[in-house]
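The file entry10.txt comes next; it holds compact mmCIF, C-alpha atoms.
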```
# COMPACT_ATOMS: atom_id res chain seq x y z
CA TRP A 18 -22.52 -14.66 4.41
CA VAL A 19 -22.87 -10.90 4.89
CA ALA A 20 -24.86 -11.46 8.09
CA PHE A 21 -22.26 -13.94 9.38
CA MET A 22 -19.35 -11.56 8.73
CA SER A 23 -21.28 -8.69 10.33
CA VAL A 24 -21.85 -10.69 13.51
CA LEU A 25 -18.23 -11.85 13.54
CA SER A 26 -17.00 -8.26 13.17
CA ILE A 27 -19.20 -7.02 16.01
CA VAL A 28 -18.12 -9.85 18.30
CA SER A 29 -14.44 -9.17 17.55
CA ILE A 30 -14.62 -5.54 18.71
CA PRO A 31 -14.57 -6.14 22.51
CA PHE A 32 -11.85 -8.79 22.14
CA THR A 33 -9.72 -6.40 20.08
CA ILE A 34 -10.10 -3.69 22.73
CA PHE A 35 -9.30 -6.23 25.45
CA GLU A 36 -6.13 -7.30 23.62
CA TYR A 37 -5.02 -3.69 23.19
CA LEU A 38 -5.58 -2.77 26.84
CA PHE A 39 -3.68 -5.77 28.21
CA THR A 40 -0.80 -5.90 25.71
CA LYS A 41 2.50 -4.24 26.61
CA GLU A 42 4.96 -3.21 23.95
CA ARG A 43 8.50 -4.35 24.66
CA ILE A 44 11.82 -3.36 23.13
CA THR A 45 14.72 -5.78 23.49
CA GLU A 46 18.23 -4.45 23.17
CA GLU A 47 21.12 -6.48 21.77
CA GLY A 48 22.47 -6.98 25.27
CA GLY A 49 19.30 -8.82 26.29
CA LYS A 50 17.80 -6.07 28.44
CA THR A 51 14.04 -5.73 28.00
CA VAL A 52 12.40 -2.31 28.34
CA THR A 53 8.64 -1.83 28.69
CA ASN A 54 7.26 1.09 26.72
CA THR A 55 5.46 3.36 29.21
CA VAL A 56 4.92 6.36 26.92
CA PRO A 57 1.24 7.42 27.10
CA VAL A 58 -0.86 6.68 24.02
CA LYS A 59 -1.78 10.36 23.72
CA THR A 60 1.91 11.30 23.54
CA GLN A 61 2.58 8.64 20.92
CA LEU A 62 -0.36 9.81 18.82
CA LYS A 63 0.85 13.40 18.96
CA ALA A 64 4.32 12.31 17.85
CA MET A 65 2.90 10.38 14.90
CA PHE A 66 0.35 12.93 13.67
CA SER A 67 2.91 15.75 13.90
CA ASN A 68 5.38 13.82 11.73
CA LYS A 69 4.97 14.67 8.04
CA TYR A 70 6.61 11.46 6.89
CA TRP A 71 4.22 9.39 8.99
CA LEU A 72 1.25 11.18 7.40
CA MET A 73 2.75 10.60 3.95
CA ILE A 74 3.33 6.88 4.43
CA MET A 75 -0.21 6.40 5.77
CA ALA A 76 -1.71 8.27 2.80
CA TYR A 77 0.52 6.23 0.51
CA GLN A 78 -0.61 2.94 2.06
CA PHE A 79 -4.27 3.92 1.78
CA ALA A 80 -3.92 4.96 -1.87
CA PHE A 81 -1.92 1.91 -2.90
CA THR A 82 -4.32 -0.49 -1.17
CA THR A 83 -7.32 1.27 -2.76
CA TYR A 84 -5.97 1.04 -6.27
CA SER A 85 -4.79 -2.56 -5.80
CA THR A 86 -8.25 -3.54 -4.57
CA VAL A 87 -9.99 -1.89 -7.52
CA HIS A 88 -7.65 -3.61 -9.96
CA ASN A 89 -8.04 -7.04 -8.34
CA LEU A 90 -11.83 -6.73 -8.49
CA ALA A 91 -11.89 -5.44 -12.05
CA ILE A 92 -9.53 -7.96 -13.63
CA VAL A 93 -12.24 -10.64 -13.91
CA TYR A 94 -14.60 -8.19 -15.60
CA LEU A 95 -11.82 -7.03 -17.93
CA ALA A 96 -11.12 -10.58 -19.07
CA ARG A 97 -14.76 -11.58 -19.49
CA ASP A 98 -16.54 -8.42 -20.66
CA ILE A 99 -13.78 -6.48 -22.42
CA LEU A 100 -11.43 -9.14 -23.82
CA GLY A 101 -14.19 -11.67 -24.38
CA SER A 102 -13.21 -14.70 -22.31
CA ILE A 103 -12.81 -15.41 -18.59
CA THR A 104 -9.92 -17.75 -19.46
CA TYR A 105 -7.76 -14.70 -20.19
CA GLN A 106 -7.69 -14.03 -16.46
CA SER A 107 -5.20 -16.88 -16.03
CA LEU A 108 -2.99 -15.42 -18.72
CA ILE A 109 -3.09 -12.02 -17.02
CA SER A 110 -2.18 -13.67 -13.72
CA VAL A 111 0.89 -15.25 -15.34
CA ILE A 112 1.90 -11.87 -16.77
CA SER A 113 1.55 -10.31 -13.32
CA GLY A 114 3.64 -12.99 -11.63
CA LEU A 115 6.66 -12.82 -13.91
CA PRO A 116 7.83 -9.29 -12.92
CA MET A 117 7.32 -10.08 -9.23
CA GLY A 118 9.59 -13.11 -9.48
CA ALA A 119 12.28 -11.21 -11.35
CA GLY A 120 11.86 -8.29 -8.96
CA MET A 121 12.93 -10.41 -6.00
CA LEU A 122 16.37 -10.72 -7.58
CA CYS A 123 16.95 -7.15 -8.74
CA ILE A 124 15.05 -4.85 -6.36
CA ILE A 125 17.69 -4.85 -3.59
CA PRO A 126 20.65 -4.08 -5.93
CA LEU A 127 18.61 -1.32 -7.59
CA CYS A 128 17.62 0.21 -4.25
CA ASN A 129 21.21 0.03 -2.99
CA LYS A 130 22.47 1.84 -6.09
CA PHE A 131 19.73 4.42 -6.71
CA GLY A 132 17.80 4.56 -3.43
CA LYS A 133 14.36 3.22 -2.47
CA ARG A 134 12.61 6.52 -3.18
CA LYS A 135 13.93 6.95 -6.72
CA VAL A 136 13.24 3.32 -7.61
CA SER A 137 9.68 3.69 -6.29
CA ILE A 138 9.11 6.86 -8.33
CA VAL A 139 10.28 5.11 -11.49
CA GLY A 140 8.01 2.21 -10.62
CA PHE A 141 4.92 4.40 -10.41
CA LEU A 142 5.86 6.15 -13.65
CA LEU A 143 5.95 2.70 -15.26
CA CYS A 144 2.48 2.03 -13.81
CA ILE A 145 1.19 5.18 -15.49
CA LEU A 146 2.96 4.30 -18.74
CA GLY A 147 1.48 0.80 -18.67
CA GLY A 148 -2.00 2.24 -18.25
CA ALA A 149 -1.44 4.62 -21.16
CA VAL A 150 -0.39 1.68 -23.34
CA CYS A 151 -3.57 -0.18 -22.38
CA LEU A 152 -5.69 2.81 -23.38
CA ILE A 153 -4.32 2.70 -26.92
CA ASN A 154 -6.75 -0.15 -27.54
CA PRO A 155 -8.29 -1.56 -24.34
CA PHE A 156 -10.25 -4.14 -26.33
CA SER A 157 -7.10 -5.79 -27.72
CA LEU A 158 -5.67 -8.72 -25.76
CA VAL A 159 -2.13 -8.08 -27.03
CA VAL A 160 -2.21 -4.38 -26.12
CA ILE A 161 -3.65 -5.13 -22.68
CA LEU A 162 -1.03 -7.77 -21.95
CA ILE A 163 1.82 -5.46 -22.97
CA GLY A 164 0.40 -2.58 -20.92
CA LEU A 165 -0.23 -4.73 -17.87
CA ALA A 166 3.25 -6.26 -18.08
CA ILE A 167 4.71 -2.74 -17.90
CA ARG A 168 2.40 -1.84 -15.00
CA TYR A 169 3.20 -5.00 -13.05
CA ALA A 170 6.90 -4.31 -13.49
CA GLY A 171 6.25 -0.87 -12.03
CA ASN A 172 4.47 -2.41 -9.05
CA VAL A 173 7.57 -4.35 -7.99
CA PRO A 174 9.17 -1.56 -5.88
CA SER A 175 5.98 -0.74 -3.99
CA ASN A 176 5.46 -4.41 -3.16
CA TYR A 177 8.96 -4.93 -1.80
CA VAL A 178 10.12 -1.65 -0.21
CA THR A 179 7.01 -0.28 1.52
CA ASN A 180 7.94 -2.00 4.79
CA ALA A 181 11.39 -0.42 4.58
CA PHE A 182 9.80 3.04 4.28
CA PHE A 183 7.62 2.21 7.25
CA ALA A 184 10.70 1.26 9.30
CA ASP A 185 12.41 4.52 8.29
CA VAL A 186 9.43 6.51 9.55
CA GLY A 187 9.54 4.64 12.87
CA GLU A 188 13.18 5.60 13.31
CA HIS A 189 12.46 9.22 12.35
CA ILE A 190 9.78 9.40 15.06
CA GLU A 191 12.20 7.95 17.62
CA TRP A 192 14.92 10.40 16.52
CA LYS A 193 12.64 13.41 17.00
CA ASN A 194 10.85 12.32 20.16
CA GLY A 195 13.11 9.89 21.98
CA PHE A 196 10.68 6.96 21.98
CA ARG A 197 9.32 4.40 19.54
CA THR A 198 5.70 3.98 18.46
CA ASP A 199 5.93 0.67 16.60
CA GLY A 200 2.78 -0.81 18.12
CA LEU A 201 0.54 2.11 17.19
CA ASN A 202 2.28 2.48 13.83
CA GLY A 203 1.42 -1.11 12.96
CA SER A 204 -2.17 -0.63 14.09
CA PHE A 205 -2.63 2.46 11.94
CA LEU A 206 -1.02 0.75 8.97
CA ASN A 207 -3.58 -2.06 9.26
CA VAL A 208 -6.34 0.53 9.56
CA MET A 209 -5.18 2.24 6.34
CA MET A 210 -5.09 -1.12 4.56
CA THR A 211 -8.59 -1.97 5.77
CA LEU A 212 -9.95 1.45 4.80
CA GLY A 213 -8.22 1.15 1.43
CA MET A 214 -9.86 -2.20 0.72
CA GLY A 215 -13.25 -0.77 1.67
CA ALA A 216 -12.70 2.33 -0.43
CA GLY A 217 -11.57 0.22 -3.37
CA GLN A 218 -14.66 -1.98 -3.16
CA SER A 219 -16.92 1.07 -2.91
CA LEU A 220 -15.22 2.84 -5.81
CA PHE A 221 -15.45 -0.23 -8.02
CA ASN A 222 -19.16 -0.71 -7.27
CA PHE A 223 -19.75 2.99 -7.88
CA LEU A 224 -18.14 2.81 -11.31
CA LEU A 225 -20.20 -0.25 -12.27
CA ASN A 226 -23.40 1.51 -11.17
CA VAL A 227 -22.54 4.66 -13.09
CA GLY A 228 -21.80 2.56 -16.17
CA HIS A 229 -25.11 0.64 -15.79
CA TYR A 230 -23.40 -2.72 -15.60
CA ASP A 231 -25.88 -5.63 -15.74
CA ALA A 232 -24.56 -9.09 -14.89
CA ASN A 233 -27.57 -10.66 -16.66
CA LEU A 234 -26.57 -9.30 -20.07
CA SER A 235 -24.45 -11.42 -22.37
CA GLU A 236 -23.09 -8.24 -23.98
CA GLN A 237 -22.57 -5.22 -21.76
CA LEU A 238 -23.43 -1.66 -22.73
CA MET A 239 -20.51 0.42 -23.95
CA SER A 240 -20.87 2.61 -20.85
CA ALA A 241 -20.47 -0.49 -18.66
CA LYS A 242 -17.40 -1.59 -20.61
CA TRP A 243 -15.77 1.78 -20.12
CA ALA A 244 -16.62 1.62 -16.43
CA VAL A 245 -14.63 -1.62 -16.23
CA ILE A 246 -11.81 -0.08 -18.26
CA GLY A 247 -11.84 2.93 -15.98
CA ALA A 248 -11.63 0.72 -12.90
CA ASP A 249 -8.84 -1.52 -14.15
CA ILE A 250 -6.78 0.99 -16.12
CA ILE A 251 -7.60 4.63 -15.38
CA VAL A 252 -8.06 4.36 -11.59
CA PRO A 253 -4.60 2.74 -11.11
CA MET A 254 -3.10 5.50 -13.26
CA VAL A 255 -4.64 8.21 -11.06
CA PHE A 256 -3.66 6.57 -7.79
CA GLY A 257 -0.24 5.73 -9.21
CA ALA A 258 0.30 9.43 -9.95
CA PHE A 259 -0.79 10.26 -6.39
CA CYS A 260 1.67 7.74 -4.89
CA CYS A 261 4.40 9.04 -7.18
CA ALA A 262 3.78 12.57 -5.89
CA ILE A 263 4.04 11.35 -2.30
CA MET A 264 7.32 9.61 -3.06
CA TYR A 265 8.68 12.80 -4.64
CA PHE A 266 8.32 14.62 -1.32
CA PHE A 267 9.22 11.59 0.82
CA LYS A 268 12.87 12.57 1.26
CA ILE A 269 13.55 10.77 4.51
CA GLU A 270 16.04 8.34 2.99
CA LYS A 271 18.90 10.87 2.81
CA GLN A 272 18.57 11.55 6.53
CA MET A 273 18.62 7.91 7.62
CA PRO A 274 22.41 7.51 8.10
CA GLU A 275 22.43 10.53 10.42
CA ILE A 276 19.27 9.39 12.20
CA SER A 277 20.52 5.83 12.74
CA ALA A 278 23.87 7.07 14.02
CA GLU A 279 22.21 9.45 16.47
CA ILE A 280 19.86 6.77 17.79
CA LYS A 281 22.77 4.37 18.21
CA ARG A 282 24.72 7.07 20.08
CA ARG A 283 21.78 7.68 22.45
CA ASN A 284 21.55 3.97 23.20
CA GLY A 285 25.22 3.73 24.03
CA GLY A 286 26.11 2.00 20.79
CA LYS A 287 23.21 -0.46 20.94
CA VAL A 288 20.46 -0.59 18.36
CA ASN A 289 16.89 -1.05 19.55
CA ALA A 290 14.85 -3.80 17.93
CA GLU A 291 11.24 -4.58 18.62
```
Whole structure given in structure tokens:
Amino acid sequence: WVAFMSVLSIVSIPFTIFEYLFTKERITEEGGKTVTNTVPVKTQLKAMFSNKYWLMIMAYQFAFTTYSTVHNLAIVYLARDILGSITYQSLISVISGLPMGAGMLCIIPLCNKFGKRKVSIVGFLLCILGGAVCLINPFSLVVILIGLAIRYAGNVPSNYVTNAFFADVGEHIEWKNGFRTDGLNGSFLNVMMTLGMGAGQSLFNFLLNVGHYDANLSEQLMSAKWAVIGADIIVPMVFGAFCCAIMYFFKIEKQMPEISAEIKRRNGGKVNAE
């Protein structure tokens, strides 16, 4: 399987380059006029890397993907080796799904009233609080379920409003530079997600190695158990604090009415849409 995926990845490289070279980004205005983006890639890259909010949202995406990957990998080990039964994984999955369902109904009203940034900060604080609750007794099913329920509730904003932050950054770049970089933005976002998944996998394996985890043992060493606890509970707390710090300085939302109005004025009252 590893060999197959390696060959597939290598083969996909020239086709990806081919697609990039022969794909033109187009922006269609409300009036139906189509404009081809002819801004050089070098100019677009300079605009993105000189924008502090773009750097923040990319770091945020990388960190969030990393911690989500570590958690998703560790949850099986937590159920089996810490809580004592692989069947608890299904129960944890149910607990994780409930806040997401409820979040669909309340996230938009909350963001409209308090703002996306503030709601996201509160969400990450809940993630940290949930982890702290789990650490009270990480070997107790009840404690873990309560802590994870709090954490999953905290994850709701980041799961639903990240794309909105990404759109805000795109408009901020257009406002400062006079052109959009949506195509490259999307590419870099995918790169950050891919790097985050790789980093999460590597970090999880590193923790298991440090803890001397042995899949052949029926009862893991205490060091291995704490490695799993660290991966599923402590790592999300650390990365949650990092994302919370980014959101604290991510103050683009207050500028968006002014930015949107200025862009609309430049376009003669028309709003660009990709």
Using all atoms listed in the file, find the one residue out of A:Ile153, A:Ala91, A:Ile99, A:Leu158 that sits nearest to Ser240 of chain A. A:Ile99
In file coordinates, which residues lie within 9 Å of (-0.7, 10.0, -14.5) using only C-alpha atoms, given as a ChimeraX atom specification? /A:141-142,144-146,148-149,251,253-259,261
Cut-off 8 Å: closest segment 72-183 of chain A/segment 209-223 of chain A atom pairs per residue, using all atoms listed in the file, as a Markdown table:
```
| residue | atom | partner | partner_atom | distance |
| --- | --- | --- | --- | --- |
| A:Met75 | CA | A:Met209 | CA | 6.5 |
| A:Ala76 | CA | A:Met209 | CA | 7.8 |
| A:Gln78 | CA | A:Met209 | CA | 6.3 |
| A:Phe79 | CA | A:Gly213 | CA | 4.8 |
| A:Ala80 | CA | A:Gly213 | CA | 6.6 |
| A:Phe81 | CA | A:Gly213 | CA | 7.7 |
| A:Thr82 | CA | A:Gly213 | CA | 5.0 |
| A:Thr83 | CA | A:Gly213 | CA | 4.3 |
| A:Tyr84 | CA | A:Gly217 | CA | 6.4 |
| A:Ser85 | CA | A:Gly217 | CA | 7.7 |
| A:Thr86 | CA | A:Gly217 | CA | 5.2 |
| A:Val87 | CA | A:Gly217 | CA | 4.9 |
| A:Leu90 | CA | A:Phe221 | CA | 7.5 |
| A:Ala91 | CA | A:Phe221 | CA | 7.5 |
```
Gap from atom CA of Gly187 of chain A to atom CA of Cys123 of chain A - Å, one decimal: 25.7 Å
Given all atoms listed in the file as the counted atoms, nearest of A:Ile124, A:Cys151, A:Val160, A:Val93 to Asn172 of chain A: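 Ranked by minimum distance to Asn172 of chain A, first place goes to A:Ile124.
Of note, atom CA of Ser113 of chain A and atom CA of Tyr230 of chain A are spaced 26.2 Å apart.
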Within 12 Å of segment 95-97 of chain A using all atoms listed in the file, minus same-chain residues under 5 positions, as a short mmCIF file (atom, residue, chain, number, x, y, z; two decimals) with C-alpha atoms, keeping the file's coordinate frame:
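Full text of around.cif as output:
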```cif
data_model
loop_
_atom_site.label_atom_id
_atom_site.label_comp_id
_atom_site.auth_asym_id
_atom_site.auth_seq_id
_atom_site.Cartn_x
_atom_site.Cartn_y
_atom_site.Cartn_z
CA VAL A 87 -9.99 -1.89 -7.52
CA HIS A 88 -7.65 -3.61 -9.96
CA ASN A 89 -8.04 -7.04 -8.34
CA LEU A 90 -11.83 -6.73 -8.49
CA SER A 102 -13.21 -14.70 -22.31
CA ILE A 103 -12.81 -15.41 -18.59
CA THR A 104 -9.92 -17.75 -19.46
CA TYR A 105 -7.76 -14.70 -20.19
CA GLN A 106 -7.69 -14.03 -16.46
CA SER A 107 -5.20 -16.88 -16.03
CA LEU A 108 -2.99 -15.42 -18.72
CA ILE A 109 -3.09 -12.02 -17.02
CA SER A 110 -2.18 -13.67 -13.72
CA CYS A 151 -3.57 -0.18 -22.38
CA PRO A 155 -8.29 -1.56 -24.34
CA PHE A 156 -10.25 -4.14 -26.33
CA SER A 157 -7.10 -5.79 -27.72
CA LEU A 158 -5.67 -8.72 -25.76
CA ILE A 161 -3.65 -5.13 -22.68
CA LEU A 162 -1.03 -7.77 -21.95
CA LEU A 165 -0.23 -4.73 -17.87
CA ALA A 232 -24.56 -9.09 -14.89
CA SER A 235 -24.45 -11.42 -22.37
CA GLU A 236 -23.09 -8.24 -23.98
CA GLN A 237 -22.57 -5.22 -21.76
CA ALA A 241 -20.47 -0.49 -18.66
CA LYS A 242 -17.40 -1.59 -20.61
CA TRP A 243 -15.77 1.78 -20.12
CA ALA A 244 -16.62 1.62 -16.43
CA VAL A 245 -14.63 -1.62 -16.23
CA ILE A 246 -11.81 -0.08 -18.26
CA GLY A 247 -11.84 2.93 -15.98
CA ALA A 248 -11.63 0.72 -12.90
CA ASP A 249 -8.84 -1.52 -14.15
CA ILE A 250 -6.78 0.99 -16.12
#
```
Which one of A:Gly164, A:Gly285, A:Pro174, A:Gly120 sits closest to Lys135 of chain A if you count all atoms listed in the file?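 Nearest to Lys135 of chain A: A:Pro174.
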Between atom CA of Gly195 of chain A and atom CA of Ile280 of chain A, measure the distance and give it in Å to one decimal. 8.5 Å
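The shortest atom-to-atom distance to Val111 of chain A, with all atoms listed in the file taken into account, belongs to A:Tyr169 out of A:Trp71, A:Tyr169, A:Phe32, A:Tyr37.
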Calculated over only C-alpha atoms, which of the candidates A:Ser137, A:Asn154, A:Thr198, A:Ser29 has the smallest distance to Ala181 of chain A? A:Ser137
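For the set A:Met239, A:Asn194, A:Tyr265, A:Ser277, the residue with the smallest atom-to-atom gap to Val136 of chain A is A:Tyr265, counting only C-alpha atoms.
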So that I can check the surroundings of Asp185 of chain A, please list as a PDB file with C-alpha atoms, in the coordinates of the input every protein, DNA and RNA residue that reaches within 10 Å of it, counting only C-alpha atoms and ignoring chain neighbours fewer than 2 positions away.
```pdb
ATOM      1  CA  TYR A  70       6.610  11.460   6.890  1.00  0.00           C
ATOM      2  CA  TRP A  71       4.220   9.390   8.990  1.00  0.00           C
ATOM      3  CA  THR A 179       7.010  -0.280   1.520  1.00  0.00           C
ATOM      4  CA  ASN A 180       7.940  -2.000   4.790  1.00  0.00           C
ATOM      5  CA  ALA A 181      11.390  -0.420   4.580  1.00  0.00           C
ATOM      6  CA  PHE A 182       9.800   3.040   4.280  1.00  0.00           C
ATOM      7  CA  PHE A 183       7.620   2.210   7.250  1.00  0.00           C
ATOM      8  CA  GLY A 187       9.540   4.640  12.870  1.00  0.00           C
ATOM      9  CA  GLU A 188      13.180   5.600  13.310  1.00  0.00           C
ATOM     10  CA  HIS A 189      12.460   9.220  12.350  1.00  0.00           C
ATOM     11  CA  ILE A 190       9.780   9.400  15.060  1.00  0.00           C
ATOM     12  CA  GLU A 191      12.200   7.950  17.620  1.00  0.00           C
ATOM     13  CA  ILE A 269      13.550  10.770   4.510  1.00  0.00           C
ATOM     14  CA  GLU A 270      16.040   8.340   2.990  1.00  0.00           C
ATOM     15  CA  GLN A 272      18.570  11.550   6.530  1.00  0.00           C
ATOM     16  CA  MET A 273      18.620   7.910   7.620  1.00  0.00           C
ATOM     17  CA  ILE A 276      19.270   9.390  12.200  1.00  0.00           C
ATOM     18  CA  SER A 277      20.520   5.830  12.740  1.00  0.00           C
TER      19      SER A 277
END
```
Would you compute an axis-aligned box for segment 28-35 of chain A, covering every atom listed for it in the file with 8 Å of margin on each side, and report centre and edge lengths in Å to one decimal as AutoDock Vina command-line options?
```
--center_x -13.7 --center_y -6.8 --center_z 21.5 --size_x 24.8 --size_y 22.2 --size_z 23.9
```
Give me the residues within 8 Å of Val56 of chain A as a VMD selection string, counting all atoms listed in the file and dropping any in the same chain fewer than 3 places off. chain A and resid 60 to 61 196
